[in-house]
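J.: After the structure tokens below, expect a handful of questions from me.
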Number of protein chains: 2
Amino acid sequence: MPETWSRVVITAVAPEVEGGAWPVKRGRGETVDVTAGIIADGHEDIAAEFLVEHEDDDAPTVVPMEEQPNDEFTASFEAERIGTYTYWVRAWVNRFGTWQDQFARRVEGGEAESLLESELKEGAELLRQAAERANGGDDEELLTAHVHALEHGDVDVALQDEIADLARKHAPREAALKSAPREVLVDPEVARSGAWYEFFPRSARPDDTHATFDDAADLLPRIKELGFDIVYLPPIHPIGETHRKGKDNAPTAQPGEPGSPWAIGGFLEDGTRGGHKSVHPALGGIEAFDRFVARAEEVGLKVALDIAFQTSPDHPYVEEHPEWFYHRPDGSIRYAENPPKKYQDVYPINFENEDWRALWQELKSVFEHWIDHGVTIFRVDNPHTKPFAFWEWCLASLREDTPELIVLSEAFTKPKTMHHLAKLGFNNSYTYFTWRNTKKELQSYAEELFHTNITEFFRPNFWPNTPDILHDELVHGGRPAHITRFVLAATLSSAYGVYGPPFEHLDNNQHPDREEYANNEKYEIRTWDWNDPASLQPLMQRVNAVRKANPALQQMRNIRFLETHNDQLMAYTKWSGENTILVVTNLDPHQPHEGLVELPLAALDLPTDEPYHVEDLLSGAHYTWQGTQNYVKLAPNETPAHIFRLHHKPKQTGEDFIMYD
Amino acid sequence: MPETWSRVVITAVAPEVEGGAWPVKRGRGETVDVTAGIIADGHEDIAAEFLVEHEDDDAPTVVPMEEQPNDEFTASFEAERIGTYTYWVRAWVNRFGTWQDQFARRVEGGEAESLLESELKEGAELLRQAAERANGGDDEELLTAHVHALEHGDVDVALQDEIADLARKHAPREAALKSAPREVLVDPEVARSGAWYEFFPRSARPDDTHATFDDAADLLPRIKELGFDIVYLPPIHPIGETHRKGKDNAPTAQPGEPGSPWAIGGFLEDGTRGGHKSVHPALGGIEAFDRFVARAEEVGLKVALDIAFQTSPDHPYVEEHPEWFYHRPDGSIRYAENPPKKYQDVYPINFENEDWRALWQELKSVFEHWIDHGVTIFRVDNPHTKPFAFWEWCLASLREDTPELIVLSEAFTKPKTMHHLAKLGFNNSYTYFTWRNTKKELQSYAEELFHTNITEFFRPNFWPNTPDILHDELVHGGRPAHITRFVLAATLSSAYGVYGPPFEHLDNNQHPDREEYANNEKYEIRTWDWNDPASLQPLMQRVNAVRKANPALQQMRNIRFLETHNDQLMAYTKWSGENTILVVTNLDPHQPHEGLVELPLAALDLPTDEPYHVEDLLSGAHYTWQGTQNYVKLAPNETPAHIFRLHHKPKQTGEDFIMYD
């Protein structure tokens, strides 16, 4: 038999991940809508409150919850501060509310006065208890006055909302049932709506000599102009010389070849070795990097660094901490391999060693080092090949001092692993977007990501390409495919990124054996034209400007796919308040396609019986549409994609529109 | 930093309810299919085991889990014993498996012999550790032999499955990660597939005098013949005289009127008072009841009693435990009411009293009393008006001695409350079936009940009528509606019940103000013809026989609705092993309807390109169908419903069929 028990049961408190095992994620400024199912035996009135407390708060904020149909209770709060919020729901049987409800029905039913009087005494007693708990002040005085009114048979007073509110306010909370806590991780806006631009700083010069961070810094104003938020750099550390890879991943580098930036650890200018906390000497060392970060801040860009926890054979860890590596039976350190493939220039770290505590601390200090240099955004290379427990500890520890931390998980692996990394603290995740190309594939993937509970913890970051991935679609689809994939990445998810230089120059030169770029920048320095009007840069600039001007494109969950009556035409709307966007893309880069887009007018708050105004945000063209079905034709070599804004009122003046240029 | 950590993560162990907060339910003999998502960092081979322990066991049974695509691991067990099973999943990184997998790829890739030798040493070391753990016996000897083979460079031995199995068998379990436990409540088969028959024993005589249990016992062979499993009796206790209700719920009973059996507590023959542990004197007292139970057992029926925790003003509790009732300010006990409605013949129990521990014990002892008289099945009246905490404690305590307990929750209330009662231990639940009449309503309700996680804990028991409910559909639809609703109840859910006498006699005489029977048996004795060939008894007998002969109809989750191209024709299949049933009903009791039933042939394992055999189990007719679409016409006054068995092979001999008569 229990010690105590409650008549109230709280079920299904949401949003939540696995019953509160992991926090849900929200970007700063987002509204968190909370729901709970709350029941009690009998036909009692239930009172429920929502309590929420930011990690820096001393006490929770308490707000009454609203009762909805079907025993649902709701509340919401604005996630105004970065960091972790904890929330609860508490509920109790609202005795005075129950009494008042029944009393009202007695009065309506015309019950005898003597019975009403007896009931009023019961109500008065409940109010008297509330007055006692009010314990001084105006509320006690008011309640006491009401007690007297009820004792004197005042039916009107007994039915007032005001006394019900007062009685509820002074209900005994110690007897209330409190739900298990739930957490909300609130991160910077850019974790939800950031546009990432990846480039190799060593290729920043107009010729093929090794560029420095000062050269790279000169590109920052142009990248900002293109509308990106974050510049993401592959590893910037000294590169190992032992077993250095040559051009196109050749097993041996020729003299002067720069090697792969992911072979971390090599010689500094003074002949000593540097690893994850050093900057490649040819990039200009830490001072040049600091100048680069300062310049980025000046132009309004954030810098993201790559964290790849592996070493070249020349990394200082190899001598200083041999126990952090796997050893073969012959005593040699085991290089990375996936038999029969071998990566002799890279040593993986062995987390299962006796000295794991020191290893964890050291790896965490790598993040801290770069945080001290002004970087709070990281792309983590292959996090799924390091223990989950390490990430859980490391990310939580880092957030104690750096709640604005953003980590992007580069885990191209199976779904459960990708999801688990997101649960334990990665803010953004690479996805299968690159390999989802047909309408069916894209829609079902988007439904899974945005319309299931996955959306509470997994923030997809869509990339049409990376240095490791040049998909056949881009190889064979040329410019139309690049445009379509870029528009899809930038509008399906609100967070996206692009490995910029080869993408904007439509580089479709694929490695003969692998789905990646030939002459891959991972192994050589390349030169790019940063102001080529024939490139995709003007389109990218336009799309990013549209993203910035339209709040609907800064959200993830607000997406709905529309019927087009054509398998090659994909259409979806996204909305935020008054802002409604319609994207239509032709997925076939070779043929024009036409179709009828079916708009859910009522759901979009558009008129069903009069014309509405449609603005093509890419071309600037304006149209007037009417009704549910609207004809759209997209020719790949002219316009492979539309991004429309749907205006709720007929256009009167320019003021009605959020203009983006 | 954690004290220890595991490379393995176990997610989503199923079946489960709210992360293991409540048991899942299975009938004895059902197979429980367990799945878990198990991942580790890197590319390691994972070993997983399933552990299951019945409450009477001293140690768990352990079986290896099978790896499926996408990091799913599966196992299953037969729920052979009634009672609670606890199960876990445990998993670890399978070092030898990982080594062997990589070694095989090295051999295939043609790696240098020197490298293979070095790798073999590593494999030998892993085997040596397993041999140590095998600690004597054949396995140690075998493993030691393999160690030597590997040390001597025997590649073939290194690749054997057998040594991988041995190494896995002797892996160190103490380092394995164990999931949180999950529980499975296994109840008697009849909880999943029982057919309930409700009748008032006091109406058992062919005239309108008050029958005894000996009269009622004479009906049992007939009820058994009709194919029912459980006879459910409204409360059998003495009925209060104070404020006794008259015919049709009249506020005052006329002399000789029997009163409502739910007004529990009244006078016994000797003038003392009896309550929930007494039998109404006119029914013959406890001895007659015991004879009734014995007779039921003899003919193969189970008896279910009604537990209604409320009293008449004449109940002994009222004098003995006044604190168990609500008191008005004037000191009188508050009768049941839902203002302005009043139920003066019933006092509700006040669970919020100081003496609640004694109250809980006493109420529990009511169950125990009837369990001692051979009853283990109960229908609980309005459980949602008693505290959830009481039920949770009471049902768990009762199951300690009576694991075969079956309790049916009569909670016609909002979904969250109905679900919560099921979670905390009710085996069966009344549903909204009675009010779901259109195809859309029925299908969406069935999808919710059988194809969402609700099915793990909530066992719907479908009733077309009860003494409290005579739906308009039956009032206006006559015989066809009665047939259709009976077939739906008996085949949609595997557990169903019927308030027999008025249903089989097509009583559609509705109370003018309420959706219930006029001349309601709750307030008067009625007479019924127990062998009326014009009644629905022959149909009911046939349907119950079909249910018994076809395992597909004894399951709940195995249902799939089919397209019929007609909104009034509803079709669904159910299957179990080789047994495949197709039900088609005409929901319109007034007009014939025809349609094309679309059969998913491949899913049903039926031939797509040759004829298959179809047997109408209600009419006995045989058909040969071919292809996906099959024409069906149902005329309400001839055949409002078909129950077909689909035979996988063309009919050869009678042996191919499970015959039911």
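Each chain in the structure tokens gets a letter, A, B, ..., in the order shown, and its residues are numbered from 1; ligands are numbered from 1 in order too.
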Can you build me a table of chain B residues sitting at most 6 Å from chain A, with the closest atom pair per residue and its distance in Å to one decimal, using only C-alpha atoms, sorted by chain and residue number, as CSV?

T.:
```
residue,atom,partner,partner_atom,distance
B:Arg7,CA,A:Pro387,CA,5.7
B:Asp41,CA,A:Thr385,CA,4.9
B:Gly42,CA,A:Thr385,CA,4.0
B:Arg105,CA,A:Pro339,CA,5.6
B:Arg106,CA,A:Pro340,CA,5.6
B:Gly109,CA,A:Pro340,CA,5.3
B:Pro339,CA,A:Arg106,CA,5.6
B:Pro340,CA,A:Gly109,CA,5.3
B:His384,CA,A:Asp41,CA,5.2
B:Thr385,CA,A:Gly42,CA,4.0
B:Lys386,CA,A:Asp41,CA,5.7
B:Pro387,CA,A:Asp41,CA,5.4
```

J.: Could you take the residues named above and write them with N, CA, C and O atoms, as a PDB file, in the first residue's frame?

T.:
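Once written, selection.pdb looks like this:
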```
ATOM      1  N   ARG B   7      30.632   1.182 -24.523  1.00  0.00           N
ATOM      2  CA  ARG B   7      30.640   1.574 -25.931  1.00  0.00           C
ATOM      3  C   ARG B   7      29.303   1.274 -26.590  1.00  0.00           C
ATOM      4  O   ARG B   7      29.014   1.741 -27.685  1.00  0.00           O
ATOM      5  N   ASP B  41      29.888   2.728 -30.970  1.00  0.00           N
ATOM      6  CA  ASP B  41      30.708   3.574 -31.834  1.00  0.00           C
ATOM      7  C   ASP B  41      31.573   2.680 -32.712  1.00  0.00           C
ATOM      8  O   ASP B  41      31.814   1.513 -32.402  1.00  0.00           O
ATOM      9  N   GLY B  42      32.045   3.272 -33.799  1.00  0.00           N
ATOM     10  CA  GLY B  42      32.950   2.538 -34.682  1.00  0.00           C
ATOM     11  C   GLY B  42      32.227   1.496 -35.496  1.00  0.00           C
ATOM     12  O   GLY B  42      31.025   1.609 -35.770  1.00  0.00           O
ATOM     13  N   ARG B 105      38.172 -10.174 -44.110  1.00  0.00           N
ATOM     14  CA  ARG B 105      38.341  -9.213 -45.191  1.00  0.00           C
ATOM     15  C   ARG B 105      39.822  -9.046 -45.569  1.00  0.00           C
ATOM     16  O   ARG B 105      40.156  -8.793 -46.707  1.00  0.00           O
ATOM     17  N   ARG B 106      40.690  -9.214 -44.575  1.00  0.00           N
ATOM     18  CA  ARG B 106      42.131  -9.177 -44.873  1.00  0.00           C
ATOM     19  C   ARG B 106      42.521 -10.341 -45.771  1.00  0.00           C
ATOM     20  O   ARG B 106      43.289 -10.185 -46.720  1.00  0.00           O
ATOM     21  N   GLY B 109      41.201  -9.791 -49.167  1.00  0.00           N
ATOM     22  CA  GLY B 109      41.932  -8.705 -49.830  1.00  0.00           C
ATOM     23  C   GLY B 109      43.352  -9.117 -50.184  1.00  0.00           C
ATOM     24  O   GLY B 109      44.093  -8.315 -50.767  1.00  0.00           O
ATOM     25  N   PRO B 339     -25.462  16.961 -10.569  1.00  0.00           N
ATOM     26  CA  PRO B 339     -26.524  17.972 -10.533  1.00  0.00           C
ATOM     27  C   PRO B 339     -26.986  18.358 -11.938  1.00  0.00           C
ATOM     28  O   PRO B 339     -26.149  18.557 -12.807  1.00  0.00           O
ATOM     29  N   PRO B 340     -28.275  18.480 -12.162  1.00  0.00           N
ATOM     30  CA  PRO B 340     -29.337  18.337 -11.152  1.00  0.00           C
ATOM     31  C   PRO B 340     -29.832  16.894 -10.979  1.00  0.00           C
ATOM     32  O   PRO B 340     -30.803  16.697 -10.260  1.00  0.00           O
ATOM     33  N   HIS B 384     -13.488   4.450 -13.105  1.00  0.00           N
ATOM     34  CA  HIS B 384     -12.900   5.792 -13.216  1.00  0.00           C
ATOM     35  C   HIS B 384     -13.426   6.761 -12.165  1.00  0.00           C
ATOM     36  O   HIS B 384     -12.966   7.884 -12.096  1.00  0.00           O
ATOM     37  N   THR B 385     -14.399   6.321 -11.357  1.00  0.00           N
ATOM     38  CA  THR B 385     -14.833   7.211 -10.279  1.00  0.00           C
ATOM     39  C   THR B 385     -14.205   6.813  -8.947  1.00  0.00           C
ATOM     40  O   THR B 385     -14.609   7.302  -7.899  1.00  0.00           O
ATOM     41  N   LYS B 386     -13.248   5.892  -9.011  1.00  0.00           N
ATOM     42  CA  LYS B 386     -12.465   5.528  -7.824  1.00  0.00           C
ATOM     43  C   LYS B 386     -10.998   5.857  -8.133  1.00  0.00           C
ATOM     44  O   LYS B 386     -10.594   5.812  -9.292  1.00  0.00           O
ATOM     45  N   PRO B 387     -10.186   6.122  -7.103  1.00  0.00           N
ATOM     46  CA  PRO B 387      -8.816   6.585  -7.386  1.00  0.00           C
ATOM     47  C   PRO B 387      -7.989   5.560  -8.171  1.00  0.00           C
ATOM     48  O   PRO B 387      -8.026   4.360  -7.905  1.00  0.00           O
TER      49      PRO B 387
END
```

J.: Which residues come within 12 Å of Ile406 (chain A), counting only C-alpha atoms, excluding same-chain residues fewer than 2 positions away, as JSON, numbers by chain?

T.: {"A": [25, 27, 82, 83, 185, 186, 187, 188, 189, 190, 191, 192, 194, 230, 302, 303, 304, 305, 306, 367, 371, 375, 376, 377, 378, 379, 380, 395, 396, 398, 399, 402, 403, 404, 408, 409, 422, 425, 426, 427, 428, 429, 459]}

J.: Can you list, as a list in words, every protein, DNA or RNA residue that comes within 12 Å of region 608-610 of chain A when you count only C-alpha atoms, leaving out same-chain residues fewer than 6 positions away?

T.: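 Result of the neighbour search: Leu599, Pro600, Leu601, Ala602, Thr624, Trp625, Gln626, Gly627, Thr628, Gln629, His648, Lys649 and Pro650 of chain A.
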
J.: For the selection just defined, write its residues with all heavy atoms to a file, as an mmCIF file, in the first residue's frame.

T.:
```
data_model
loop_
_atom_site.group_PDB
_atom_site.id
_atom_site.type_symbol
_atom_site.label_atom_id
_atom_site.label_comp_id
_atom_site.auth_asym_id
_atom_site.auth_seq_id
_atom_site.Cartn_x
_atom_site.Cartn_y
_atom_site.Cartn_z
ATOM 1 N N LEU A 599 -3.132 23.994 -53.893
ATOM 2 C CA LEU A 599 -2.878 24.785 -52.680
ATOM 3 C C LEU A 599 -3.993 24.596 -51.660
ATOM 4 O O LEU A 599 -5.169 24.782 -51.997
ATOM 5 C CB LEU A 599 -2.774 26.262 -53.038
ATOM 6 C CG LEU A 599 -1.448 26.710 -53.638
ATOM 7 C CD1 LEU A 599 -1.568 28.141 -54.133
ATOM 8 C CD2 LEU A 599 -0.336 26.602 -52.594
ATOM 9 N N PRO A 600 -3.660 24.261 -50.425
ATOM 10 C CA PRO A 600 -4.692 24.163 -49.368
ATOM 11 C C PRO A 600 -5.045 25.574 -48.902
ATOM 12 O O PRO A 600 -4.551 26.039 -47.874
ATOM 13 C CB PRO A 600 -3.988 23.352 -48.285
ATOM 14 C CG PRO A 600 -2.529 23.645 -48.473
ATOM 15 C CD PRO A 600 -2.319 23.990 -49.915
ATOM 16 N N LEU A 601 -5.900 26.236 -49.653
ATOM 17 C CA LEU A 601 -6.143 27.667 -49.439
ATOM 18 C C LEU A 601 -6.574 27.990 -48.015
ATOM 19 O O LEU A 601 -6.054 28.921 -47.396
ATOM 20 C CB LEU A 601 -7.199 28.171 -50.429
ATOM 21 C CG LEU A 601 -6.779 28.056 -51.907
ATOM 22 C CD1 LEU A 601 -7.935 28.495 -52.813
ATOM 23 C CD2 LEU A 601 -5.542 28.901 -52.194
ATOM 24 N N ALA A 602 -7.535 27.220 -47.494
ATOM 25 C CA ALA A 602 -8.048 27.536 -46.160
ATOM 26 C C ALA A 602 -6.930 27.428 -45.130
ATOM 27 O O ALA A 602 -6.743 28.317 -44.301
ATOM 28 C CB ALA A 602 -9.200 26.607 -45.807
ATOM 29 N N THR A 624 -1.141 36.773 -60.480
ATOM 30 C CA THR A 624 -2.399 36.705 -59.734
ATOM 31 C C THR A 624 -2.974 35.311 -59.943
ATOM 32 O O THR A 624 -3.150 34.879 -61.087
ATOM 33 C CB THR A 624 -3.390 37.770 -60.223
ATOM 34 O OG1 THR A 624 -2.787 39.042 -59.997
ATOM 35 C CG2 THR A 624 -4.694 37.686 -59.437
ATOM 36 N N TRP A 625 -3.202 34.626 -58.854
ATOM 37 C CA TRP A 625 -3.759 33.271 -58.933
ATOM 38 C C TRP A 625 -5.143 33.269 -58.316
ATOM 39 O O TRP A 625 -5.499 34.150 -57.536
ATOM 40 C CB TRP A 625 -2.874 32.269 -58.164
ATOM 41 C CG TRP A 625 -1.595 31.885 -58.878
ATOM 42 C CD1 TRP A 625 -1.128 32.379 -60.063
ATOM 43 C CD2 TRP A 625 -0.625 30.936 -58.407
ATOM 44 N NE1 TRP A 625 0.079 31.801 -60.369
ATOM 45 C CE2 TRP A 625 0.409 30.901 -59.377
ATOM 46 C CE3 TRP A 625 -0.518 30.117 -57.292
ATOM 47 C CZ2 TRP A 625 1.529 30.084 -59.235
ATOM 48 C CZ3 TRP A 625 0.584 29.303 -57.152
ATOM 49 C CH2 TRP A 625 1.596 29.273 -58.127
ATOM 50 N N GLN A 626 -5.910 32.239 -58.652
ATOM 51 C CA GLN A 626 -7.211 32.075 -58.013
ATOM 52 C C GLN A 626 -7.502 30.590 -57.903
ATOM 53 O O GLN A 626 -7.167 29.813 -58.803
ATOM 54 C CB GLN A 626 -8.310 32.772 -58.830
ATOM 55 C CG GLN A 626 -9.679 32.665 -58.158
ATOM 56 C CD GLN A 626 -10.628 33.785 -58.557
ATOM 57 O OE1 GLN A 626 -10.367 34.534 -59.490
ATOM 58 N NE2 GLN A 626 -11.742 33.892 -57.836
ATOM 59 N N GLY A 627 -8.120 30.210 -56.807
ATOM 60 C CA GLY A 627 -8.526 28.815 -56.651
ATOM 61 C C GLY A 627 -7.397 27.926 -56.173
ATOM 62 O O GLY A 627 -6.274 28.371 -55.915
ATOM 63 N N THR A 628 -7.739 26.655 -56.065
ATOM 64 C CA THR A 628 -6.849 25.675 -55.471
ATOM 65 C C THR A 628 -5.752 25.228 -56.425
ATOM 66 O O THR A 628 -4.592 25.094 -56.059
ATOM 67 C CB THR A 628 -7.685 24.437 -55.077
ATOM 68 O OG1 THR A 628 -8.681 24.868 -54.167
ATOM 69 C CG2 THR A 628 -6.835 23.381 -54.430
ATOM 70 N N GLN A 629 -6.139 24.963 -57.692
ATOM 71 C CA GLN A 629 -5.177 24.414 -58.647
ATOM 72 C C GLN A 629 -4.518 25.526 -59.447
ATOM 73 O O GLN A 629 -5.184 26.360 -60.034
ATOM 74 C CB GLN A 629 -5.905 23.472 -59.607
ATOM 75 C CG GLN A 629 -6.447 22.232 -58.935
ATOM 76 C CD GLN A 629 -6.768 21.156 -59.944
ATOM 77 O OE1 GLN A 629 -7.133 21.452 -61.082
ATOM 78 N NE2 GLN A 629 -6.606 19.903 -59.548
ATOM 79 N N HIS A 648 -1.565 37.400 -48.744
ATOM 80 C CA HIS A 648 -2.924 37.147 -48.292
ATOM 81 C C HIS A 648 -3.911 38.168 -48.824
ATOM 82 O O HIS A 648 -5.071 37.901 -48.961
ATOM 83 C CB HIS A 648 -2.966 37.098 -46.767
ATOM 84 C CG HIS A 648 -2.181 35.942 -46.233
ATOM 85 N ND1 HIS A 648 -2.481 35.309 -45.081
ATOM 86 C CD2 HIS A 648 -1.114 35.276 -46.740
ATOM 87 C CE1 HIS A 648 -1.614 34.325 -44.872
ATOM 88 N NE2 HIS A 648 -0.774 34.296 -45.864
ATOM 89 N N LYS A 649 -3.414 39.410 -49.105
ATOM 90 C CA LYS A 649 -4.314 40.431 -49.628
ATOM 91 C C LYS A 649 -3.889 40.788 -51.049
ATOM 92 O O LYS A 649 -2.699 40.725 -51.368
ATOM 93 C CB LYS A 649 -4.227 41.698 -48.759
ATOM 94 C CG LYS A 649 -4.889 41.535 -47.405
ATOM 95 C CD LYS A 649 -4.782 42.806 -46.582
ATOM 96 C CE LYS A 649 -3.688 42.682 -45.543
ATOM 97 N NZ LYS A 649 -3.414 43.906 -44.812
ATOM 98 N N PRO A 650 -4.840 41.245 -51.907
ATOM 99 C CA PRO A 650 -4.431 41.706 -53.221
ATOM 100 C C PRO A 650 -3.412 42.833 -53.062
ATOM 101 O O PRO A 650 -3.498 43.650 -52.143
ATOM 102 C CB PRO A 650 -5.729 42.243 -53.825
ATOM 103 C CG PRO A 650 -6.827 41.667 -53.009
ATOM 104 C CD PRO A 650 -6.267 41.380 -51.657
#
```

J.: Any chance you could list, as a list in words, the residues in region 173-273 of chain A that come up helix (DSSP H, G or I) when DSSP is run on the backbone?

T.: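 Taking region 173-273 of chain A and keeping helix (DSSP H, G or I) gives Arg173, Glu174, Ala175, Glu189, Val190, Ala191, Arg192, Ser193, Pro201, Arg202, Ser203, Phe213, Asp214, Asp215, Ala216, Ala217, Leu220, Pro221, Arg222, Ile223, Lys224, Glu225, Lys247, Asp248 and Asn249 of chain A.
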
J.: So that I have them on file, write out the residues from the current selection with N, CA and C atoms, as a short mmCIF file (atom, residue, chain, number, x, y, z; two decimals), in the first residue's frame.

T.:
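What follows is the written file part-v8.cif:
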```cif
data_model
loop_
_atom_site.label_atom_id
_atom_site.label_comp_id
_atom_site.auth_asym_id
_atom_site.auth_seq_id
_atom_site.Cartn_x
_atom_site.Cartn_y
_atom_site.Cartn_z
N ARG A 173 -0.26 23.88 -2.72
CA ARG A 173 0.61 23.27 -3.74
C ARG A 173 1.36 22.05 -3.23
N GLU A 174 1.57 21.97 -1.92
CA GLU A 174 2.38 20.83 -1.43
C GLU A 174 1.69 19.50 -1.73
N ALA A 175 0.37 19.53 -1.89
CA ALA A 175 -0.35 18.27 -2.17
C ALA A 175 -0.44 18.02 -3.68
N GLU A 189 20.12 31.23 -32.61
CA GLU A 189 19.25 31.18 -33.79
C GLU A 189 19.93 30.45 -34.94
N VAL A 190 21.24 30.72 -35.08
CA VAL A 190 21.97 30.20 -36.25
C VAL A 190 22.04 28.67 -36.24
N ALA A 191 21.79 28.04 -35.10
CA ALA A 191 21.74 26.58 -35.07
C ALA A 191 20.50 26.08 -35.78
N ARG A 192 19.47 26.91 -35.84
CA ARG A 192 18.25 26.50 -36.52
C ARG A 192 18.23 26.98 -37.96
N SER A 193 18.82 28.15 -38.22
CA SER A 193 18.62 28.77 -39.53
C SER A 193 19.92 29.22 -40.19
N PRO A 201 40.94 27.21 -46.69
CA PRO A 201 41.65 28.51 -46.67
C PRO A 201 42.95 28.47 -47.48
N ARG A 202 43.57 27.29 -47.59
CA ARG A 202 44.85 27.26 -48.30
C ARG A 202 44.67 27.50 -49.81
N SER A 203 43.42 27.44 -50.31
CA SER A 203 43.15 27.70 -51.73
C SER A 203 42.68 29.15 -51.96
N PHE A 213 45.91 32.68 -43.75
CA PHE A 213 44.63 33.18 -43.22
C PHE A 213 44.39 34.63 -43.60
N ASP A 214 45.44 35.38 -43.87
CA ASP A 214 45.23 36.77 -44.29
C ASP A 214 44.63 36.81 -45.69
N ASP A 215 45.11 35.89 -46.57
CA ASP A 215 44.48 35.79 -47.90
C ASP A 215 43.02 35.37 -47.75
N ALA A 216 42.80 34.37 -46.90
CA ALA A 216 41.44 33.85 -46.72
C ALA A 216 40.53 34.93 -46.16
N ALA A 217 41.06 35.77 -45.29
CA ALA A 217 40.25 36.82 -44.67
C ALA A 217 39.72 37.79 -45.73
N LEU A 220 36.26 37.00 -47.00
CA LEU A 220 35.11 37.02 -46.09
C LEU A 220 34.03 38.02 -46.50
N PRO A 221 34.38 39.24 -46.92
CA PRO A 221 33.29 40.16 -47.31
C PRO A 221 32.45 39.59 -48.45
N ARG A 222 33.11 38.89 -49.39
CA ARG A 222 32.37 38.31 -50.53
C ARG A 222 31.43 37.20 -50.04
N ILE A 223 31.90 36.38 -49.12
CA ILE A 223 31.06 35.27 -48.60
C ILE A 223 29.86 35.85 -47.83
N LYS A 224 30.12 36.93 -47.11
CA LYS A 224 29.02 37.60 -46.41
C LYS A 224 28.01 38.14 -47.42
N GLU A 225 28.53 38.73 -48.49
CA GLU A 225 27.67 39.28 -49.54
C GLU A 225 26.80 38.19 -50.15
N LYS A 247 48.29 13.90 -54.45
CA LYS A 247 47.15 14.30 -55.27
C LYS A 247 46.18 13.12 -55.49
N ASP A 248 44.91 13.40 -55.40
CA ASP A 248 43.88 12.36 -55.63
C ASP A 248 44.09 11.13 -54.76
N ASN A 249 44.56 11.35 -53.57
CA ASN A 249 44.72 10.27 -52.58
C ASN A 249 45.80 9.26 -52.99
#
```

J.: Give me, as a ChimeraX atom specification, all polymer residues having an atom no more than 6 Å from region 310-315 of chain A, counting only C-alpha atoms and skipping those fewer than 2 positions away in the same chain.

T.: /A:240,263-266,275,308,317-318,345-349

J.: Output N, CA and C atoms for every residue in the selection just made, as a tab-separated table (two decimals), in the first residue's frame.

T.:
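The new file selection_29.tsv reads:
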```
chain	number	residue	atom	x	y	z
A	240	GLY	N	50.75	15.98	-41.16
A	240	GLY	CA	51.83	15.02	-41.03
A	240	GLY	C	52.59	14.80	-42.33
A	263	ALA	N	45.02	14.69	-41.76
A	263	ALA	CA	46.18	13.98	-41.18
A	263	ALA	C	46.82	14.96	-40.20
A	264	ILE	N	46.22	15.07	-39.03
A	264	ILE	CA	46.54	16.18	-38.11
A	264	ILE	C	47.77	15.87	-37.28
A	265	GLY	N	48.67	16.85	-37.23
A	265	GLY	CA	49.89	16.70	-36.43
A	265	GLY	C	51.10	16.71	-37.32
A	266	GLY	N	51.93	17.73	-37.16
A	266	GLY	CA	53.12	17.81	-38.00
A	266	GLY	C	54.07	18.86	-37.45
A	275	GLY	N	49.85	19.87	-32.92
A	275	GLY	CA	48.70	19.01	-33.17
A	275	GLY	C	47.41	19.80	-33.27
A	308	ALA	N	38.55	16.83	-35.70
A	308	ALA	CA	38.73	15.44	-36.15
A	308	ALA	C	39.69	14.78	-35.16
A	317	TYR	N	50.96	13.65	-29.70
A	317	TYR	CA	50.34	12.63	-28.83
A	317	TYR	C	51.03	11.26	-29.00
A	318	VAL	N	51.51	10.99	-30.21
A	318	VAL	CA	52.01	9.65	-30.50
A	318	VAL	C	53.21	9.32	-29.61
A	345	ASP	N	48.30	7.37	-43.30
A	345	ASP	CA	48.63	8.71	-42.78
A	345	ASP	C	47.81	9.08	-41.55
A	346	VAL	N	46.96	8.18	-41.09
A	346	VAL	CA	46.08	8.51	-39.96
A	346	VAL	C	46.09	7.42	-38.89
A	347	TYR	N	46.29	7.81	-37.65
A	347	TYR	CA	46.13	6.90	-36.52
A	347	TYR	C	44.80	7.20	-35.83
A	348	PRO	N	43.93	6.20	-35.68
A	348	PRO	CA	42.74	6.46	-34.86
A	348	PRO	C	43.13	6.46	-33.38
A	349	ILE	N	42.30	7.07	-32.57
A	349	ILE	CA	42.55	7.09	-31.13
A	349	ILE	C	41.85	5.90	-30.49
```
